[in-house]
Each structure stands twice: as C-alpha cells, then as structure tokens.
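Asks: For reference, this is run25.txt, and it has compact mmCIF, N, CA and C atoms and all ligand atoms.
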```
# COMPACT_ATOMS: atom_id res chain seq x y z
N MET R 1 -17.27 7.27 -5.76
CA MET R 1 -18.30 7.88 -4.98
C MET R 1 -18.21 9.40 -5.01
N SER R 2 -17.06 9.98 -4.82
CA SER R 2 -16.96 11.42 -4.92
C SER R 2 -16.56 11.79 -6.34
N VAL R 3 -16.97 12.97 -6.75
CA VAL R 3 -16.67 13.43 -8.10
C VAL R 3 -15.52 14.43 -8.01
N TRP R 4 -14.35 14.00 -8.43
CA TRP R 4 -13.21 14.89 -8.37
C TRP R 4 -12.18 14.41 -9.37
N THR R 5 -11.25 15.24 -9.68
CA THR R 5 -10.20 14.91 -10.61
C THR R 5 -8.91 14.71 -9.85
N ARG R 6 -8.29 13.55 -10.03
CA ARG R 6 -7.03 13.28 -9.36
C ARG R 6 -5.96 14.21 -9.92
N LYS R 7 -5.26 14.89 -9.02
CA LYS R 7 -4.19 15.78 -9.44
C LYS R 7 -2.87 15.02 -9.39
N PRO R 8 -1.97 15.31 -10.34
CA PRO R 8 -0.66 14.65 -10.28
C PRO R 8 0.12 15.11 -9.07
N ILE R 9 0.91 14.21 -8.52
CA ILE R 9 1.76 14.58 -7.39
C ILE R 9 3.04 15.17 -7.95
N LEU R 10 3.27 16.43 -7.66
CA LEU R 10 4.43 17.14 -8.19
C LEU R 10 5.37 17.47 -7.06
N PRO R 11 6.66 17.50 -7.34
CA PRO R 11 7.59 17.94 -6.29
C PRO R 11 7.40 19.42 -6.05
N PRO R 12 7.70 19.88 -4.82
CA PRO R 12 7.58 21.32 -4.55
C PRO R 12 8.48 22.11 -5.48
N LYS R 13 7.99 23.29 -5.89
CA LYS R 13 8.78 24.15 -6.75
C LYS R 13 9.82 24.88 -5.91
N PRO R 14 10.95 25.22 -6.54
CA PRO R 14 11.91 26.06 -5.82
C PRO R 14 11.24 27.36 -5.41
N LYS R 15 11.76 27.96 -4.32
CA LYS R 15 11.13 29.16 -3.77
C LYS R 15 11.09 30.31 -4.75
N ASN R 16 12.03 30.35 -5.69
CA ASN R 16 12.11 31.51 -6.56
C ASN R 16 11.39 31.32 -7.89
N SER R 17 10.54 30.27 -8.02
CA SER R 17 9.83 30.08 -9.27
C SER R 17 8.34 30.24 -9.06
N GLY R 18 7.71 30.93 -9.99
CA GLY R 18 6.27 31.08 -9.95
C GLY R 18 5.83 32.04 -8.86
N SER R 19 4.56 32.32 -8.87
CA SER R 19 4.01 33.23 -7.86
C SER R 19 3.49 32.42 -6.70
N PRO R 20 3.32 33.04 -5.54
CA PRO R 20 2.77 32.31 -4.40
C PRO R 20 1.34 31.86 -4.63
N ASN R 21 0.69 32.43 -5.63
CA ASN R 21 -0.69 32.05 -5.91
C ASN R 21 -0.79 31.04 -7.05
N SER R 22 0.30 30.34 -7.34
CA SER R 22 0.28 29.36 -8.41
C SER R 22 -0.61 28.19 -8.02
N ALA R 23 -0.83 27.31 -8.96
CA ALA R 23 -1.72 26.16 -8.72
C ALA R 23 -1.20 25.30 -7.58
N LEU R 24 0.10 25.35 -7.33
CA LEU R 24 0.67 24.52 -6.27
C LEU R 24 0.07 24.84 -4.91
N SER R 25 -0.30 26.11 -4.70
CA SER R 25 -0.79 26.50 -3.39
C SER R 25 -2.12 25.82 -3.07
N ALA R 26 -2.80 25.26 -4.06
CA ALA R 26 -4.09 24.62 -3.80
C ALA R 26 -3.94 23.12 -3.60
N THR R 27 -2.73 22.59 -3.68
CA THR R 27 -2.54 21.16 -3.54
C THR R 27 -2.09 20.80 -2.13
N PRO R 28 -2.36 19.59 -1.71
CA PRO R 28 -2.11 19.20 -0.31
C PRO R 28 -0.68 18.81 -0.02
N PHE R 29 0.25 19.64 -0.37
CA PHE R 29 1.64 19.34 -0.07
C PHE R 29 1.99 19.80 1.33
N CYS R 30 3.05 19.20 1.83
CA CYS R 30 3.58 19.66 3.09
C CYS R 30 4.13 21.06 2.85
N VAL R 31 3.60 22.03 3.51
CA VAL R 31 3.98 23.41 3.24
C VAL R 31 4.42 24.07 4.52
N ARG R 32 5.04 25.23 4.36
CA ARG R 32 5.44 25.98 5.53
C ARG R 32 4.20 26.32 6.34
N PRO R 33 4.31 26.42 7.64
CA PRO R 33 3.14 26.64 8.49
C PRO R 33 2.30 27.83 8.08
N GLU R 34 2.94 28.94 7.65
CA GLU R 34 2.14 30.12 7.33
C GLU R 34 1.30 29.94 6.08
N ARG R 35 1.63 28.93 5.29
CA ARG R 35 0.86 28.70 4.07
C ARG R 35 -0.22 27.66 4.26
N SER R 36 -0.16 26.90 5.31
CA SER R 36 -1.11 25.79 5.45
C SER R 36 -2.54 26.28 5.58
N ALA R 37 -2.75 27.53 6.02
CA ALA R 37 -4.10 28.04 6.16
C ALA R 37 -4.76 28.23 4.80
N ARG R 38 -3.96 28.24 3.73
CA ARG R 38 -4.53 28.44 2.40
C ARG R 38 -5.07 27.14 1.80
N LEU R 39 -4.80 26.03 2.42
CA LEU R 39 -5.29 24.76 1.89
C LEU R 39 -6.81 24.71 1.97
N PRO R 40 -7.43 23.95 1.08
CA PRO R 40 -8.88 23.83 1.14
C PRO R 40 -9.33 23.40 2.53
N ALA R 41 -10.40 24.01 3.00
CA ALA R 41 -10.81 23.78 4.38
C ALA R 41 -11.67 22.53 4.53
N ASP R 42 -12.34 22.14 3.49
CA ASP R 42 -13.28 21.05 3.64
C ASP R 42 -13.05 20.00 2.55
N GLY R 43 -12.94 18.77 2.96
CA GLY R 43 -12.72 17.71 2.00
C GLY R 43 -12.11 16.50 2.70
N THR R 44 -11.58 15.60 1.89
CA THR R 44 -11.06 14.35 2.42
C THR R 44 -9.68 14.08 1.85
N TYR R 45 -8.78 13.67 2.71
CA TYR R 45 -7.46 13.23 2.27
C TYR R 45 -7.52 11.75 1.96
N LEU R 46 -7.02 11.40 0.78
CA LEU R 46 -7.12 10.03 0.28
C LEU R 46 -5.73 9.42 0.16
N CYS R 47 -5.69 8.10 0.18
CA CYS R 47 -4.45 7.40 -0.11
C CYS R 47 -4.02 7.75 -1.54
N GLY R 48 -2.79 8.22 -1.71
CA GLY R 48 -2.30 8.59 -3.02
C GLY R 48 -2.14 7.40 -3.95
N ALA R 49 -2.05 6.20 -3.39
CA ALA R 49 -1.85 5.01 -4.21
C ALA R 49 -3.17 4.39 -4.67
N CYS R 50 -4.17 4.35 -3.80
CA CYS R 50 -5.40 3.62 -4.15
C CYS R 50 -6.67 4.44 -4.00
N GLY R 51 -6.60 5.66 -3.45
CA GLY R 51 -7.78 6.50 -3.34
C GLY R 51 -8.65 6.22 -2.13
N HIS R 52 -8.19 5.35 -1.23
CA HIS R 52 -8.96 5.04 -0.03
C HIS R 52 -9.08 6.29 0.85
N GLU R 53 -10.26 6.55 1.39
CA GLU R 53 -10.46 7.72 2.24
C GLU R 53 -9.74 7.51 3.57
N LEU R 54 -8.89 8.48 3.95
CA LEU R 54 -8.07 8.31 5.14
C LEU R 54 -8.38 9.34 6.23
N PHE R 55 -8.32 10.63 5.90
CA PHE R 55 -8.45 11.67 6.91
C PHE R 55 -9.38 12.77 6.41
N MET R 56 -10.22 13.29 7.29
CA MET R 56 -11.05 14.44 6.96
C MET R 56 -10.21 15.70 7.16
N ALA R 57 -10.47 16.71 6.33
CA ALA R 57 -9.70 17.96 6.43
C ALA R 57 -9.86 18.60 7.80
N ASP R 58 -11.00 18.42 8.45
CA ASP R 58 -11.18 19.08 9.74
C ASP R 58 -10.42 18.40 10.88
N SER R 59 -9.77 17.27 10.59
CA SER R 59 -8.91 16.65 11.61
C SER R 59 -7.45 17.04 11.42
N LYS R 60 -7.17 17.86 10.39
CA LYS R 60 -5.80 18.29 10.12
C LYS R 60 -5.45 19.47 11.03
N PHE R 61 -4.23 19.45 11.53
CA PHE R 61 -3.77 20.58 12.34
C PHE R 61 -2.30 20.82 12.06
N ASP R 62 -1.84 21.98 12.45
CA ASP R 62 -0.44 22.33 12.23
C ASP R 62 0.37 21.97 13.47
N SER R 63 1.17 20.91 13.34
CA SER R 63 1.97 20.46 14.49
C SER R 63 3.37 21.05 14.45
N HIS R 64 3.67 21.85 13.40
CA HIS R 64 4.99 22.47 13.22
C HIS R 64 6.08 21.42 13.05
N CYS R 65 5.71 20.19 12.66
CA CYS R 65 6.72 19.15 12.42
C CYS R 65 7.13 19.16 10.96
N GLY R 66 6.46 19.95 10.14
CA GLY R 66 6.80 20.02 8.73
C GLY R 66 6.06 19.01 7.87
N TRP R 67 5.28 18.14 8.52
CA TRP R 67 4.49 17.16 7.79
C TRP R 67 3.02 17.41 8.09
N PRO R 68 2.12 17.06 7.17
CA PRO R 68 0.70 17.16 7.51
C PRO R 68 0.38 16.28 8.71
N SER R 69 -0.35 16.83 9.66
CA SER R 69 -0.69 16.09 10.87
C SER R 69 -2.20 16.07 11.07
N PHE R 70 -2.69 14.95 11.54
CA PHE R 70 -4.12 14.76 11.76
C PHE R 70 -4.34 14.21 13.16
N THR R 71 -5.46 14.60 13.76
CA THR R 71 -5.75 14.10 15.11
C THR R 71 -6.24 12.66 15.08
N HIS R 72 -6.89 12.25 13.99
CA HIS R 72 -7.42 10.89 13.91
C HIS R 72 -7.82 10.60 12.46
N PRO R 73 -7.86 9.33 12.07
CA PRO R 73 -8.31 8.98 10.73
C PRO R 73 -9.83 9.14 10.63
N GLU R 74 -10.31 9.21 9.39
CA GLU R 74 -11.76 9.33 9.18
C GLU R 74 -12.47 8.18 9.90
N GLU R 75 -11.96 6.98 9.70
CA GLU R 75 -12.42 5.81 10.47
C GLU R 75 -11.17 5.00 10.81
N GLN R 76 -11.12 4.50 12.03
CA GLN R 76 -9.93 3.78 12.46
C GLN R 76 -9.63 2.59 11.56
N LYS R 77 -10.68 1.97 11.02
CA LYS R 77 -10.49 0.80 10.17
C LYS R 77 -9.84 1.16 8.83
N ASN R 78 -9.77 2.46 8.49
CA ASN R 78 -9.20 2.86 7.20
C ASN R 78 -7.68 2.84 7.20
N VAL R 79 -7.09 2.76 8.40
CA VAL R 79 -5.63 2.69 8.50
C VAL R 79 -5.24 1.44 9.28
N ARG R 80 -4.00 1.01 9.05
CA ARG R 80 -3.44 -0.14 9.76
C ARG R 80 -2.22 0.34 10.52
N LEU R 81 -2.14 -0.01 11.80
CA LEU R 81 -1.03 0.43 12.64
C LEU R 81 -0.10 -0.74 12.90
N ILE R 82 1.20 -0.50 12.73
CA ILE R 82 2.20 -1.57 12.84
C ILE R 82 3.36 -1.07 13.69
N ASP R 83 3.83 -1.90 14.61
CA ASP R 83 5.02 -1.56 15.38
C ASP R 83 6.21 -1.41 14.43
N ASP R 84 6.92 -0.31 14.54
CA ASP R 84 8.08 -0.04 13.69
C ASP R 84 9.28 0.16 14.59
N ARG R 85 10.22 -0.79 14.56
CA ARG R 85 11.41 -0.71 15.40
C ARG R 85 12.66 -0.43 14.57
N SER R 86 12.47 0.21 13.42
CA SER R 86 13.61 0.55 12.57
C SER R 86 14.32 1.79 13.09
N LEU R 87 15.51 2.02 12.62
CA LEU R 87 16.31 3.21 12.94
C LEU R 87 16.57 3.35 14.44
N GLY R 88 16.51 2.24 15.17
CA GLY R 88 16.80 2.28 16.59
C GLY R 88 15.72 2.94 17.43
N MET R 89 14.53 3.12 16.85
CA MET R 89 13.43 3.76 17.57
C MET R 89 12.23 2.82 17.59
N THR R 90 11.36 3.03 18.56
CA THR R 90 10.10 2.31 18.58
C THR R 90 8.99 3.29 18.24
N ARG R 91 8.40 3.09 17.09
CA ARG R 91 7.33 3.98 16.63
C ARG R 91 6.18 3.12 16.12
N THR R 92 5.08 3.77 15.82
CA THR R 92 3.94 3.07 15.25
C THR R 92 3.74 3.57 13.83
N GLU R 93 3.94 2.68 12.88
CA GLU R 93 3.79 3.02 11.48
C GLU R 93 2.32 3.02 11.10
N VAL R 94 1.95 3.95 10.22
CA VAL R 94 0.58 4.02 9.70
C VAL R 94 0.61 3.58 8.24
N ARG R 95 -0.26 2.62 7.92
CA ARG R 95 -0.38 2.16 6.53
C ARG R 95 -1.83 2.25 6.09
N CYS R 96 -2.03 2.36 4.79
CA CYS R 96 -3.37 2.32 4.22
C CYS R 96 -3.92 0.91 4.44
N ALA R 97 -5.15 0.83 4.97
CA ALA R 97 -5.74 -0.47 5.24
C ALA R 97 -6.13 -1.21 3.96
N ARG R 98 -6.29 -0.47 2.87
CA ARG R 98 -6.71 -1.13 1.63
C ARG R 98 -5.52 -1.66 0.84
N CYS R 99 -4.48 -0.81 0.64
CA CYS R 99 -3.39 -1.22 -0.26
C CYS R 99 -2.06 -1.42 0.48
N ASP R 100 -2.04 -1.15 1.79
CA ASP R 100 -0.86 -1.38 2.63
C ASP R 100 0.27 -0.40 2.33
N SER R 101 0.00 0.70 1.65
CA SER R 101 1.04 1.70 1.41
C SER R 101 1.45 2.37 2.71
N HIS R 102 2.73 2.65 2.84
CA HIS R 102 3.23 3.40 4.01
C HIS R 102 2.72 4.83 3.93
N LEU R 103 2.16 5.33 5.03
CA LEU R 103 1.64 6.70 5.07
C LEU R 103 2.48 7.59 5.97
N GLY R 104 2.93 7.07 7.10
CA GLY R 104 3.67 7.87 8.06
C GLY R 104 3.68 7.17 9.40
N HIS R 105 3.66 7.97 10.49
CA HIS R 105 3.67 7.39 11.83
C HIS R 105 2.65 8.11 12.70
N VAL R 106 2.23 7.44 13.76
CA VAL R 106 1.32 8.05 14.73
C VAL R 106 2.03 8.15 16.07
N PHE R 107 1.85 9.30 16.73
CA PHE R 107 2.47 9.56 18.02
C PHE R 107 1.38 9.90 19.03
N ASP R 108 1.71 9.80 20.31
CA ASP R 108 0.70 9.99 21.36
C ASP R 108 0.79 11.36 22.02
N ASP R 109 1.24 12.36 21.25
CA ASP R 109 1.37 13.70 21.81
C ASP R 109 0.49 14.72 21.09
N GLY R 110 -0.57 14.26 20.45
CA GLY R 110 -1.41 15.16 19.68
C GLY R 110 -2.48 15.84 20.52
N PRO R 111 -3.12 16.86 19.93
CA PRO R 111 -4.21 17.54 20.62
C PRO R 111 -5.49 16.70 20.53
N GLY R 112 -6.47 17.09 21.25
CA GLY R 112 -7.75 16.42 21.17
C GLY R 112 -7.88 15.28 22.15
N PRO R 113 -9.06 14.71 22.24
CA PRO R 113 -9.35 13.70 23.27
C PRO R 113 -8.56 12.41 23.12
N ARG R 114 -8.10 12.07 21.93
CA ARG R 114 -7.37 10.81 21.74
C ARG R 114 -5.87 10.97 21.93
N ASN R 115 -5.39 12.22 21.97
CA ASN R 115 -3.96 12.51 22.12
C ASN R 115 -3.11 11.90 21.01
N THR R 116 -3.71 11.65 19.87
CA THR R 116 -2.95 11.07 18.77
C THR R 116 -2.58 12.14 17.74
N ARG R 117 -1.39 11.96 17.18
CA ARG R 117 -0.90 12.84 16.11
C ARG R 117 -0.45 11.95 14.96
N TYR R 118 -1.26 11.92 13.91
CA TYR R 118 -0.91 11.15 12.73
C TYR R 118 -0.06 12.03 11.84
N CYS R 119 1.22 11.74 11.78
CA CYS R 119 2.19 12.53 11.02
C CYS R 119 2.38 11.82 9.68
N ILE R 120 1.82 12.40 8.63
CA ILE R 120 1.68 11.69 7.36
C ILE R 120 2.49 12.36 6.27
N ASN R 121 3.19 11.56 5.48
CA ASN R 121 3.97 12.07 4.36
C ASN R 121 3.02 12.64 3.30
N SER R 122 3.20 13.92 2.97
CA SER R 122 2.29 14.57 2.03
C SER R 122 2.29 13.87 0.67
N LEU R 123 3.40 13.24 0.30
CA LEU R 123 3.47 12.58 -1.00
C LEU R 123 2.62 11.31 -1.05
N SER R 124 2.17 10.82 0.10
CA SER R 124 1.35 9.61 0.11
C SER R 124 -0.14 9.96 0.13
N LEU R 125 -0.46 11.25 0.05
CA LEU R 125 -1.85 11.70 0.14
C LEU R 125 -2.32 12.38 -1.13
N ASP R 126 -3.60 12.22 -1.43
CA ASP R 126 -4.32 13.03 -2.41
C ASP R 126 -5.39 13.76 -1.62
N PHE R 127 -5.92 14.82 -2.20
CA PHE R 127 -6.97 15.56 -1.53
C PHE R 127 -8.18 15.69 -2.43
N ALA R 128 -9.36 15.40 -1.91
CA ALA R 128 -10.61 15.56 -2.65
C ALA R 128 -11.41 16.65 -1.97
N PRO R 129 -11.47 17.86 -2.56
CA PRO R 129 -12.26 18.93 -1.95
C PRO R 129 -13.73 18.53 -1.92
N LYS R 130 -14.43 19.00 -0.91
CA LYS R 130 -15.86 18.72 -0.81
C LYS R 130 -16.56 19.43 -1.96
N GLN R 131 -17.43 18.70 -2.63
CA GLN R 131 -18.12 19.28 -3.80
C GLN R 131 -19.30 20.14 -3.38
ZN ZN L 201 -4.13 2.81 -0.26
```
Step by step, read the file and then write its structure as structure tokens.
Replies:
Amino acid sequence: MSVWTRKPILPPKPKNSGSPNSALSATPFCVRPERSARLPADGTYLCGACGHELFMADSKFDSHCGWPSFTHPEEQKNVRLIDDRSLGMTRTEVRCARCDSHLGHVFDDGPGPRNTRYCINSLSLDFAPKQ
C-alpha cells in the first residue's frame, strides 16, 4: 500500500566513525535523546519482520528510557498484549498482531489520555516516511 524502500537493519556505528550526518541519522534506531529530534517527523513505524503498520510517528515521544516510546499503537488491533512474568517481574509484552514477533513492553506511566508507554525495541521496527 505505501511506496517505500525497506532499509536494512544495521547495528549502531561506533561513536568515532562517520559523521553525525551519515545515513544512519535518518534511520529509526534507538538514539540518544538529543538526536531523536532529527528522525523523520511524519510516517509510520512498521513491524521489522512482516511490515505490519504498528505506530504513527506522531505518537512517538522521548521517554528517556533509551528505547523508542509511543503513546499508543496506530490501531489497538495491530498489536497483541500478553502477560509477561519472566525475570521475576510482571509486565505486559507487546507483540505484532500479524506475525507474533516480540516488539517490547507497555507500561502505564506514559503521557496522554491513555497513560500508556509502549517501549519498543528499535531493532524490531522499520520506518516508512510519509510520501
Ligand atoms: Zn509482524
């Protein structure tokens, strides 16, 4: 449906390689807070495994947790929430509703009317800029 080119998921470069304006700065990686403002402002975050639309860019916010955070999914039906009692904690795991890939966790301390904070692993996301 959208016209875009899937970018390969690359590991972050060491701090001393390349310029800060390299191609990496345009990709949706988990970045230091001061760099997150450089990410594309409009578009959709997709499941990195199957391309399912998950989060709109305008729901992304900087929670200072070091992971991309979103106030809510594009549509609630696009994600699946599962009780996660691993590591001695009780959390809610977020999975892609289409392919069941692990995306991250959701917490109830986020901004906005729903108070949700979807803390998502940047490596599980692709980004499709708005055309
Ligand atoms: Zn998926």
Asks: Given the choices R:Lys77, R:Arg98, R:His64, R:Met56, which gets closest to ligand ZN 201 (chain L) if the distance is worked out from all atoms listed in the file?
Replies: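 Among R:Lys77, R:Arg98, R:His64, R:Met56, it is R:Arg98 that comes nearest to ligand ZN 201 (chain L).
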Asks: What do you get as a ChimeraX atom specification if you pick all residues at most 7 Å from ligand ZN 201 (chain L), counting only C-alpha atoms and all ligand atoms?
Replies: /R:47-52,96-101
Asks: For Pro68 of chain R, which of R:Asn121, R:Thr116, R:Ser86, R:Thr92 is the closest residue, counting all atoms listed in the file?
Replies: R:Asn121
Asks: Quick check, in Å to one decimal: how far apart do atom N of Tyr45 of chain R and atom N of Arg95 of chain R lie?
Replies: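 Separation between atom N of Tyr45 of chain R and atom N of Arg95 of chain R: 14.9 Å.
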Asks: For each of R:Gln76, R:Ser69, R:Ser59, R:Thr44, take the minimum atom-to-atom distance to Tyr118 of chain R, counting only N, CA and C atoms, then give the residue where this is smallest.
Replies: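 Looking at the shortest contact to Tyr118 of chain R, the residue is R:Ser69.
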Asks: Between atom CA of Pro111 of chain R and atom N of Leu125 of chain R, what is the spacing in Å?
Replies: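 Between these atoms lies a distance of 21.8 Å.
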Asks: Atom N of Asp126 of chain R to atom C of Glu93 of chain R: how many Å, to one decimal?
Replies: 16.6 Å
Asks: What lies within 6 Å of Asp58 of chain R using only N, CA and C atoms, ignoring chain neighbours under 2 positions off, as number ranges by chain?
Replies: R: 41-43, 56, 60
